[in-house]
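Reading through the structure tokens given below for one structure.
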Protein chains: 2
Amino acid sequence: MAEEPYSMYSFLLDRTARSVKQYAQRRFKELGFNITLDQWLVLRRLFDHQDLNQKELAELIFKDTPTLTRIIDLLCKKRLTKRKLDLDDRRCFHVALTPAGRAKVEKLMPQVRGIRLKAWEGLSVRDFRQFKRILNAIHLNLK
Amino acid sequence: MAEEPYSMYSFLLDRTARSVKQYAQRRFKELGFNITLDQWLVLRRLFDHQDLNQKELAELIFKDTPTLTRIIDLLCKKRLTKRKLDLDDRRCFHVALTPAGRAKVEKLMPQVRGIRLKAWEGLSVRDFRQFKRILNAIHLNLK
DNA sequence: TCAAAATAGTTGTTATACGAATTATTCGTG
DNA sequence: CACGAATAATTCGTATAACAACTATTTTGA
């Protein structure tokens, strides 16, 4: 667009984000992971941080609480996570991996790294720094 | 993550894409546009290219045909677009703006530009070129 | 020419996205 | 202490996202 140099950024951003998600989802399916990418994000965070409540978890992965509730519902149905009532604050649940959930993260972690790296082929660490800086700047502009 | 320099790119990408969409959606609502951002994308393309069929339109905005069908359904219900049967190929519909749809695009265009530019505050044309290059590279890696 | 393949669009299912409203509980302040 | 405000989680409604299956046409290739 001649009169508007930035006009396509939001389209490119959205398109590429969906490409990445779609590719990962397809590979997850081909490899028989039996979880979605968003479910993976939750499992991965729980692997590093045990005993988060849903609010904290939602903030970590930048999703709202209704969305997180449903992801946790699905993960609990798959017996990969469990909810534990916080006796000090009975409004909260603490979410934790089950042994099966922990085993799943350990098993999938190297494969997920491979899937993620595919997108970055031919790009450098320097590119990554630029990319990160710009994405963060956009995000902060809209806070 | 120490062992994996690129590990957060997909998270940042997805988070920022959602920030942008969410911000635009909020402003659309505040300004009483009464359409979604995705519906806007369709209207905007139809403004430049009359008489596309749904397949062509889907490719332009990088969505699949079921998703586009549903967006067009909503736009037709709002009387902003109409479907016209192609007599040469009766599998196709041509989609066009109604007069109300065209008027809406003309009215909203400058406001949408303002919304879009908010995200880019403090960033340069040079940043945009980098950003575009990297997004396109990722997208092409996953084709 | 005519049956198989390809194509445009729709419908169904599952999951995510987001705002609004609701419930249960806890906090803050008078 | 009490009561209204704030908070954590859930539920609801609508829209998008992806994929599979389906219908109706058109194209193809033997």
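Each chain in the structure tokens gets a letter, A, B and so on, in the order shown; residues start at 1 in every chain, and ligands are counted from 1 in the order they appear.
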
Which residues of chain B come within 7 Å of chain A, and what is each one's closest atom pair and distance in Å (one decimal), counting only C-alpha atoms, sorted by chain and residue number, as JSON lines?
```
{"residue": "B:Tyr6", "atom": "CA", "partner": "A:Phe128", "partner_atom": "CA", "distance": 6.8}
{"residue": "B:Leu12", "atom": "CA", "partner": "A:Leu135", "partner_atom": "CA", "distance": 6.8}
{"residue": "B:Leu13", "atom": "CA", "partner": "A:Ala17", "partner_atom": "CA", "distance": 5.9}
{"residue": "B:Asp14", "atom": "CA", "partner": "A:Ala17", "partner_atom": "CA", "distance": 5.4}
{"residue": "B:Arg15", "atom": "CA", "partner": "A:Phe62", "partner_atom": "CA", "distance": 6.7}
{"residue": "B:Thr16", "atom": "CA", "partner": "A:His139", "partner_atom": "CA", "distance": 5.4}
{"residue": "B:Ala17", "atom": "CA", "partner": "A:Asp14", "partner_atom": "CA", "distance": 5.4}
{"residue": "B:Ser19", "atom": "CA", "partner": "A:His139", "partner_atom": "CA", "distance": 6.2}
{"residue": "B:Tyr23", "atom": "CA", "partner": "A:Leu142", "partner_atom": "CA", "distance": 6.5}
{"residue": "B:Phe62", "atom": "CA", "partner": "A:Arg15", "partner_atom": "CA", "distance": 6.7}
{"residue": "B:Lys118", "atom": "CA", "partner": "A:Asn141", "partner_atom": "CA", "distance": 6.9}
{"residue": "B:Ala119", "atom": "CA", "partner": "A:Ile138", "partner_atom": "CA", "distance": 5.0}
{"residue": "B:Trp120", "atom": "CA", "partner": "A:Ile138", "partner_atom": "CA", "distance": 6.1}
{"residue": "B:Glu121", "atom": "CA", "partner": "A:Asn141", "partner_atom": "CA", "distance": 6.8}
{"residue": "B:Phe128", "atom": "CA", "partner": "A:Tyr6", "partner_atom": "CA", "distance": 6.8}
{"residue": "B:Phe131", "atom": "CA", "partner": "A:Phe131", "partner_atom": "CA", "distance": 6.3}
{"residue": "B:Leu135", "atom": "CA", "partner": "A:Thr16", "partner_atom": "CA", "distance": 6.1}
{"residue": "B:Ile138", "atom": "CA", "partner": "A:Ala119", "partner_atom": "CA", "distance": 5.1}
{"residue": "B:His139", "atom": "CA", "partner": "A:Thr16", "partner_atom": "CA", "distance": 5.4}
{"residue": "B:Asn141", "atom": "CA", "partner": "A:Ala119", "partner_atom": "CA", "distance": 5.4}
{"residue": "B:Leu142", "atom": "CA", "partner": "A:Ala119", "partner_atom": "CA", "distance": 6.0}
```

Export of the given selection (N, CA and C atoms) as a PDB file, in the first residue's frame:
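For reference, result_6.pdb as written:
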```pdb
ATOM      1  N   TYR B   6      15.809 -19.773  20.622  1.00  0.00           N
ATOM      2  CA  TYR B   6      14.592 -19.346  19.920  1.00  0.00           C
ATOM      3  C   TYR B   6      13.326 -19.786  20.630  1.00  0.00           C
ATOM      4  N   LEU B  12       5.757 -15.617  21.833  1.00  0.00           N
ATOM      5  CA  LEU B  12       5.712 -14.164  21.623  1.00  0.00           C
ATOM      6  C   LEU B  12       4.879 -13.802  20.403  1.00  0.00           C
ATOM      7  N   LEU B  13       5.043 -14.602  19.374  1.00  0.00           N
ATOM      8  CA  LEU B  13       4.321 -14.362  18.128  1.00  0.00           C
ATOM      9  C   LEU B  13       2.818 -14.475  18.355  1.00  0.00           C
ATOM     10  N   ASP B  14       2.431 -15.553  18.995  1.00  0.00           N
ATOM     11  CA  ASP B  14       1.012 -15.796  19.236  1.00  0.00           C
ATOM     12  C   ASP B  14       0.443 -14.746  20.190  1.00  0.00           C
ATOM     13  N   ARG B  15       1.198 -14.445  21.224  1.00  0.00           N
ATOM     14  CA  ARG B  15       0.724 -13.463  22.206  1.00  0.00           C
ATOM     15  C   ARG B  15       0.523 -12.107  21.552  1.00  0.00           C
ATOM     16  N   THR B  16       1.491 -11.687  20.744  1.00  0.00           N
ATOM     17  CA  THR B  16       1.408 -10.364  20.133  1.00  0.00           C
ATOM     18  C   THR B  16       0.303 -10.309  19.089  1.00  0.00           C
ATOM     19  N   ALA B  17       0.158 -11.373  18.326  1.00  0.00           N
ATOM     20  CA  ALA B  17      -0.920 -11.407  17.332  1.00  0.00           C
ATOM     21  C   ALA B  17      -2.273 -11.267  18.036  1.00  0.00           C
ATOM     22  N   SER B  19      -2.746  -9.835  21.008  1.00  0.00           N
ATOM     23  CA  SER B  19      -2.812  -8.451  21.504  1.00  0.00           C
ATOM     24  C   SER B  19      -3.383  -7.518  20.448  1.00  0.00           C
ATOM     25  N   TYR B  23      -6.871  -5.664  20.754  1.00  0.00           N
ATOM     26  CA  TYR B  23      -6.915  -4.199  20.815  1.00  0.00           C
ATOM     27  C   TYR B  23      -7.844  -3.647  19.733  1.00  0.00           C
ATOM     28  N   PHE B  62      -6.115 -15.418   3.608  1.00  0.00           N
ATOM     29  CA  PHE B  62      -5.445 -16.542   4.240  1.00  0.00           C
ATOM     30  C   PHE B  62      -6.303 -17.221   5.313  1.00  0.00           C
ATOM     31  N   LYS B 118      -1.470   2.679  16.031  1.00  0.00           N
ATOM     32  CA  LYS B 118      -1.187   2.691  17.469  1.00  0.00           C
ATOM     33  C   LYS B 118      -0.151   1.629  17.836  1.00  0.00           C
ATOM     34  N   ALA B 119      -0.268   0.460  17.249  1.00  0.00           N
ATOM     35  CA  ALA B 119       0.632  -0.641  17.574  1.00  0.00           C
ATOM     36  C   ALA B 119       2.069  -0.338  17.162  1.00  0.00           C
ATOM     37  N   TRP B 120       2.212   0.529  16.190  1.00  0.00           N
ATOM     38  CA  TRP B 120       3.521   0.720  15.586  1.00  0.00           C
ATOM     39  C   TRP B 120       4.262   1.927  16.159  1.00  0.00           C
ATOM     40  N   GLU B 121       3.695   2.580  17.143  1.00  0.00           N
ATOM     41  CA  GLU B 121       4.318   3.762  17.746  1.00  0.00           C
ATOM     42  C   GLU B 121       5.743   3.466  18.208  1.00  0.00           C
ATOM     43  N   PHE B 128      10.022  -2.176  10.341  1.00  0.00           N
ATOM     44  CA  PHE B 128       8.960  -2.845   9.592  1.00  0.00           C
ATOM     45  C   PHE B 128       9.530  -3.769   8.536  1.00  0.00           C
ATOM     46  N   PHE B 131      10.860  -6.861  10.242  1.00  0.00           N
ATOM     47  CA  PHE B 131       9.716  -7.617  10.759  1.00  0.00           C
ATOM     48  C   PHE B 131       9.056  -8.419   9.638  1.00  0.00           C
ATOM     49  N   LEU B 135       8.870 -12.489   9.349  1.00  0.00           N
ATOM     50  CA  LEU B 135       7.550 -13.142   9.304  1.00  0.00           C
ATOM     51  C   LEU B 135       7.383 -13.955   8.022  1.00  0.00           C
ATOM     52  N   ILE B 138       9.519 -17.194   8.178  1.00  0.00           N
ATOM     53  CA  ILE B 138       8.902 -18.232   9.004  1.00  0.00           C
ATOM     54  C   ILE B 138       7.750 -18.889   8.247  1.00  0.00           C
ATOM     55  N   HIS B 139       6.925 -18.030   7.691  1.00  0.00           N
ATOM     56  CA  HIS B 139       5.767 -18.541   6.954  1.00  0.00           C
ATOM     57  C   HIS B 139       6.196 -19.484   5.831  1.00  0.00           C
ATOM     58  N   ASN B 141       9.018 -21.168   5.585  1.00  0.00           N
ATOM     59  CA  ASN B 141       9.626 -22.387   6.126  1.00  0.00           C
ATOM     60  C   ASN B 141       8.583 -23.468   6.407  1.00  0.00           C
ATOM     61  N   LEU B 142       7.374 -23.055   6.654  1.00  0.00           N
ATOM     62  CA  LEU B 142       6.349 -24.013   7.086  1.00  0.00           C
ATOM     63  C   LEU B 142       5.380 -24.383   5.989  1.00  0.00           C
TER      64      LEU B 142
END
```

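Residue-level contact on chain C: within 9 Å of chain A, counting only C-alpha atoms (C1' of nucleotides), the set is C:DA15, C:DT16, C:DA17, C:DC18, C:DA24, C:DT25, C:DT26.
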
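Between atom CA of B:Val95 and atom CA of B:Gln54 the separation is 6.9 Å.
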
Within 9 Å of chain A, which residues belong to chain D? Use only C-alpha atoms (C1' of nucleotides) and report them as a list in words. DT7, DA8, DA9, DT10, DT11, DA17 and DA18 of chain D

Could you tell me, as a PyMOL selection string, which residues of stretch 7-143 of chain B DSSP assigns to alpha helix (DSSP H) when given the backbone? chain B and resi 9-30+37-48+54-61+65-77+99-118+125-141

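Residues within 12 Å of D:DG29, counting only C-alpha atoms (C1' of nucleotides) and excluding same-chain residues fewer than 5 positions away, are C:DT1, C:DC2, C:DA3, C:DA4, C:DA5.
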
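Atom pair atom CA of A:Ala103 / atom CA of A:Arg83: separated by 17.8 Å.
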
Give me the residues near D:DA2 as a list in words, where near means some atom within 12 Å (using only C-alpha atoms (C1' of nucleotides)) and where sequence neighbours in that chain fewer than 3 positions away do not count. DG28, DT29 and DG30 of chain C

Taking the DSSP assignment computed from this structure's backbone, write out as number ranges by chain all residues of chain B that belong to strand (DSSP E or B). B: 52-53, 81-85, 93-97

Write a file of the just-selected residues containing C-alpha atoms, as a compact mmCIF listing (two decimals), in the first residue's frame.
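Result saved to out.txt:
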```txt
# COMPACT_ATOMS: atom_id res chain seq x y z
CA LEU B 52 -14.23 -12.38 -6.18
CA ASN B 53 -15.53 -15.83 -5.49
CA THR B 81 -22.37 -8.10 1.34
CA LYS B 82 -24.36 -10.20 -1.10
CA ARG B 83 -23.74 -13.46 -2.93
CA LYS B 84 -24.35 -13.64 -6.67
CA LEU B 85 -24.46 -16.98 -8.46
CA PHE B 93 -20.65 -17.51 -5.73
CA HIS B 94 -19.33 -14.07 -6.41
CA VAL B 95 -19.36 -11.93 -3.33
CA ALA B 96 -19.85 -8.17 -3.53
CA LEU B 97 -20.40 -5.26 -1.20
```

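For the pair atom CA of B:Lys78 and atom CA of B:Leu46, the interatomic distance is 15.3 Å.
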